[in-house]
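> Next up, model.txt (compact mmCIF, C-alpha atoms).
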```
# COMPACT_ATOMS: atom_id res chain seq x y z
CA MET A 993 2.96 -13.86 19.76
CA ASP A 994 3.77 -16.77 17.47
CA ASP A 995 0.44 -17.17 15.71
CA LEU A 996 -2.03 -14.30 15.45
CA ASP A 997 -4.53 -16.52 13.69
CA SER A 998 -4.97 -18.80 16.70
CA ALA A 999 -5.59 -16.01 19.22
CA ALA A 1000 -9.15 -15.72 20.53
CA TRP A 1001 -10.66 -12.54 19.17
CA PRO A 1002 -11.80 -10.14 20.38
CA PRO A 1003 -9.98 -10.15 23.69
CA ALA A 1004 -11.41 -8.57 26.81
CA PRO A 1005 -10.76 -4.81 26.92
CA ILE A 1006 -7.27 -3.87 28.08
CA LYS A 1007 -7.37 -1.06 30.65
CA THR A 1008 -4.60 1.29 31.70
CA GLU A 1009 -4.78 4.22 34.12
CA ARG A 1010 -6.14 6.52 31.40
CA LEU A 1011 -7.08 4.48 28.35
CA VAL A 1012 -9.00 1.40 27.28
CA LEU A 1013 -8.02 -0.72 24.27
CA ARG A 1014 -11.16 -2.43 23.06
CA GLU A 1015 -12.89 -3.99 20.10
CA PRO A 1016 -14.33 -1.52 17.55
CA GLU A 1017 -18.06 -0.80 17.84
CA ALA A 1018 -20.68 0.87 15.62
CA ARG A 1019 -20.41 4.07 17.72
CA ASP A 1020 -16.79 4.45 16.50
CA ARG A 1021 -17.70 4.81 12.81
CA ALA A 1022 -17.60 8.64 12.75
CA ALA A 1023 -14.22 8.67 14.51
CA PHE A 1024 -12.81 6.12 12.03
CA ILE A 1025 -13.95 8.36 9.16
CA GLU A 1026 -12.40 11.40 10.83
CA LEU A 1027 -9.17 9.46 11.42
CA HIS A 1028 -8.81 8.26 7.82
CA ALA A 1029 -9.90 11.58 6.28
CA SER A 1030 -7.44 13.62 8.36
CA PRO A 1031 -4.67 15.30 6.35
CA GLU A 1032 -2.61 15.65 9.56
CA VAL A 1033 -2.85 11.95 10.44
CA HIS A 1034 -2.03 10.81 6.90
CA THR A 1035 0.69 13.34 6.03
CA TYR A 1036 3.33 10.59 5.77
CA LEU A 1037 0.97 7.70 4.99
CA GLY A 1038 0.06 8.46 1.41
CA GLY A 1039 -2.46 11.20 2.15
CA PRO A 1040 -6.01 11.16 3.51
CA ARG A 1041 -8.90 9.38 1.85
CA PRO A 1042 -11.82 11.52 0.64
CA ARG A 1043 -14.51 11.85 3.31
CA ARG A 1044 -17.33 11.07 0.84
CA GLU A 1045 -15.59 7.86 -0.19
CA LEU A 1046 -15.14 6.87 3.45
CA GLU A 1047 -18.78 7.66 4.27
CA ARG A 1048 -19.87 5.41 1.42
CA GLU A 1049 -17.43 2.51 1.99
CA MET A 1050 -16.90 2.38 5.77
CA PRO A 1051 -18.73 -0.61 7.28
CA GLU A 1052 -21.20 -0.10 10.11
CA VAL A 1053 -18.59 -1.49 12.52
CA PRO A 1054 -15.21 -0.48 11.06
CA GLY A 1055 -11.92 -2.12 11.93
CA ARG A 1056 -13.46 -5.32 13.26
CA ARG A 1057 -10.72 -7.86 12.64
CA PRO A 1058 -8.08 -9.66 14.66
CA GLY A 1059 -5.38 -7.26 15.75
CA SER A 1060 -7.47 -4.08 15.58
CA PHE A 1061 -8.07 -2.14 18.79
CA VAL A 1062 -9.84 1.15 19.39
CA VAL A 1063 -8.03 3.47 21.78
CA ASP A 1064 -10.78 4.81 24.04
CA LEU A 1065 -10.48 7.81 26.36
CA ASP A 1066 -13.45 8.52 28.61
CA GLY A 1067 -15.80 6.50 26.39
CA ALA A 1068 -14.75 8.02 23.06
CA MET A 1069 -12.43 6.73 20.35
CA ILE A 1070 -9.23 8.77 20.03
CA GLY A 1071 -7.23 6.35 17.92
CA GLN A 1072 -6.59 2.89 16.59
CA ILE A 1073 -3.88 0.29 17.22
CA LEU A 1074 -3.19 -2.45 14.68
CA LEU A 1075 -1.25 -5.65 15.14
CA ARG A 1076 -0.70 -7.58 11.93
CA ARG A 1077 1.68 -10.03 10.38
CA ALA A 1078 3.87 -8.36 7.73
CA THR A 1079 3.37 -10.26 4.45
CA GLU A 1080 5.45 -7.75 2.47
CA HIS A 1081 8.16 -5.36 3.59
CA LEU A 1082 11.06 -3.34 2.18
CA CYS A 1083 13.30 -5.23 4.59
CA PRO A 1084 13.07 -8.97 3.77
CA ALA A 1085 13.89 -9.91 7.38
CA ALA A 1086 10.64 -8.24 8.50
CA VAL A 1087 8.40 -10.51 6.41
CA GLY A 1088 6.43 -12.80 8.70
CA LYS A 1089 7.08 -10.66 11.78
CA VAL A 1090 4.33 -8.93 13.75
CA ASP A 1091 3.95 -5.25 12.91
CA LEU A 1092 2.51 -2.75 15.42
CA GLY A 1093 0.99 0.45 14.08
CA TYR A 1094 -1.11 3.20 15.59
CA LEU A 1095 -3.04 6.28 14.51
CA PHE A 1096 -4.40 8.98 16.79
CA LEU A 1097 -6.81 11.81 16.07
CA PRO A 1098 -4.98 15.17 16.15
CA ARG A 1099 -6.95 16.28 19.23
CA ALA A 1100 -5.24 13.42 21.13
CA TRP A 1101 -1.72 14.40 20.09
CA GLY A 1102 0.81 15.77 22.55
CA VAL A 1103 -0.66 14.38 25.77
CA GLY A 1104 1.28 11.11 26.00
CA SER A 1105 -1.44 8.73 24.79
CA ALA A 1106 0.94 6.81 22.53
CA ALA A 1107 3.50 6.50 25.30
```
Translate this file's structure into structure tokens.

Amino acid sequence: MDDLDSAAWPPAPIKTERLVLREPEARDRAAFIELHASPEVHTYLGGPRPRRELEREMPEVPGRRPGSFVVDLDGAMIGQILLRRATEHLCPAAVGKVDLGYLFLPRAWGVGSAA
């Protein structure tokens, strides 16, 4: 993936045997708030954001930007995958490279979804 900016977005949903990676939708807003307010999810990511703040600031369709996918299981969001170009990094060699990150709701942990 040489140039994220030139990729058509959003892509068609990507389907596996169990999951669908798709564009965020308005119906995902509550799950995004739960994800970003979760102390378990954000233990090593600087801590959770306050739920009230998220309720106030979260757009109607959160996460809608190139490189953001909702991880959908049986029609419900269980996580988020992000592809982005690293503009800053502790390791200078990583700057400009594509970074892959993911977050899953605790109820989706331990069943192989990230694998």
> If we count only C-alpha atoms, what is near Phe1096 in chain A at a cut-off of 9 Å, once residues fewer than 2 positions away on the same chain are taken out, given as a ChimeraX atom specification?
/A:1027,1033,1063,1070-1073,1094,1098-1101,1105-1106
> As a PDB file with C-alpha atoms, keeping the file's coordinate frame, please: the residues near Met1069 in chain A (cut-off 9 Å, only C-alpha atoms, same-chain neighbours under 2 positions excluded).

```pdb
ATOM      1  CA  PRO A1016     -14.330  -1.520  17.550  1.00  0.00           C
ATOM      2  CA  ARG A1019     -20.410   4.070  17.720  1.00  0.00           C
ATOM      3  CA  ASP A1020     -16.790   4.450  16.500  1.00  0.00           C
ATOM      4  CA  ALA A1023     -14.220   8.670  14.510  1.00  0.00           C
ATOM      5  CA  PHE A1024     -12.810   6.120  12.030  1.00  0.00           C
ATOM      6  CA  VAL A1062      -9.840   1.150  19.390  1.00  0.00           C
ATOM      7  CA  VAL A1063      -8.030   3.470  21.780  1.00  0.00           C
ATOM      8  CA  ASP A1064     -10.780   4.810  24.040  1.00  0.00           C
ATOM      9  CA  LEU A1065     -10.480   7.810  26.360  1.00  0.00           C
ATOM     10  CA  ASP A1066     -13.450   8.520  28.610  1.00  0.00           C
ATOM     11  CA  GLY A1067     -15.800   6.500  26.390  1.00  0.00           C
ATOM     12  CA  GLY A1071      -7.230   6.350  17.920  1.00  0.00           C
ATOM     13  CA  GLN A1072      -6.590   2.890  16.590  1.00  0.00           C
ATOM     14  CA  LEU A1097      -6.810  11.810  16.070  1.00  0.00           C
TER      15      LEU A1097
END
```
> For Leu1074 in chain A, which residue among A:Pro1058, A:Pro1002, A:Gly1102, A:Pro1042 is the nearest when counting all atoms listed in the file?
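Closest to Leu1074 in chain A, using all atoms listed in the file: A:Pro1058.
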> Quote the spacing between CA of Arg1014 in chain A and CA of Leu1095 in chain A in Å to one decimal place.
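Interatomic distance here is 14.7 Å.
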> Go through A:Gly1093, A:Ala1068, A:Ala1078, A:His1034 and flag the residue nearest Val1012 in chain A, using all atoms listed in the file for the distances.
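Result for the nearest residue to Val1012 in chain A: A:Ala1068.
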> Around the point (-11.3, -11.1, 19.3) in the file's coordinates, collect all residues with an atom within 12 Å, using only C-alpha atoms, and return them as a list in words.
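Looking at atoms near the point gives Leu996, Asp997, Ser998, Ala999, Ala1000, Trp1001, Pro1002, Pro1003, Ala1004, Pro1005, Leu1013, Arg1014, Glu1015, Pro1016, Gly1055, Arg1056, Arg1057, Pro1058, Gly1059, Ser1060 and Phe1061 of chain A.
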> Using C-alpha atoms, can you export the residues from the last selection as an mmCIF file, in the coordinates of the input?

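And here is the file that came out, selection-v1.cif:
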```
data_model
loop_
_atom_site.group_PDB
_atom_site.id
_atom_site.type_symbol
_atom_site.label_atom_id
_atom_site.label_comp_id
_atom_site.auth_asym_id
_atom_site.auth_seq_id
_atom_site.Cartn_x
_atom_site.Cartn_y
_atom_site.Cartn_z
ATOM 1 C CA LEU A 996 -2.030 -14.300 15.450
ATOM 2 C CA ASP A 997 -4.530 -16.520 13.690
ATOM 3 C CA SER A 998 -4.970 -18.800 16.700
ATOM 4 C CA ALA A 999 -5.590 -16.010 19.220
ATOM 5 C CA ALA A 1000 -9.150 -15.720 20.530
ATOM 6 C CA TRP A 1001 -10.660 -12.540 19.170
ATOM 7 C CA PRO A 1002 -11.800 -10.140 20.380
ATOM 8 C CA PRO A 1003 -9.980 -10.150 23.690
ATOM 9 C CA ALA A 1004 -11.410 -8.570 26.810
ATOM 10 C CA PRO A 1005 -10.760 -4.810 26.920
ATOM 11 C CA LEU A 1013 -8.020 -0.720 24.270
ATOM 12 C CA ARG A 1014 -11.160 -2.430 23.060
ATOM 13 C CA GLU A 1015 -12.890 -3.990 20.100
ATOM 14 C CA PRO A 1016 -14.330 -1.520 17.550
ATOM 15 C CA GLY A 1055 -11.920 -2.120 11.930
ATOM 16 C CA ARG A 1056 -13.460 -5.320 13.260
ATOM 17 C CA ARG A 1057 -10.720 -7.860 12.640
ATOM 18 C CA PRO A 1058 -8.080 -9.660 14.660
ATOM 19 C CA GLY A 1059 -5.380 -7.260 15.750
ATOM 20 C CA SER A 1060 -7.470 -4.080 15.580
ATOM 21 C CA PHE A 1061 -8.070 -2.140 18.790
#
```
> Between CA of Pro1054 in chain A and CA of Tyr1036 in chain A, what is the distance in Å, rounded to a tenth?
22.2 Å
> Using only C-alpha atoms, which protein or nucleic acid residues come within 7 Å of Ala1029 in chain A? Drop anything in the same chain fewer than 5 positions from it, and give the result as a list of chain:residue names.
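My list of contacting residues is A:Pro1040, A:Arg1041, A:Pro1042, A:Arg1043.
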> Hey, can you check how far CA of Ala1018 in chain A sits from CA of Leu1046 in chain A?
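So the answer is 14.7 Å.
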> Would you kindly return, as a PyMOL selection string, each protein, DNA or RNA residue with an atom no farther than 10 Å from any atom of Thr1079 in chain A, considering only C-alpha atoms and excluding same-chain residues fewer than 2 positions away?
chain A and resi 1076-1077+1081+1084+1086-1091
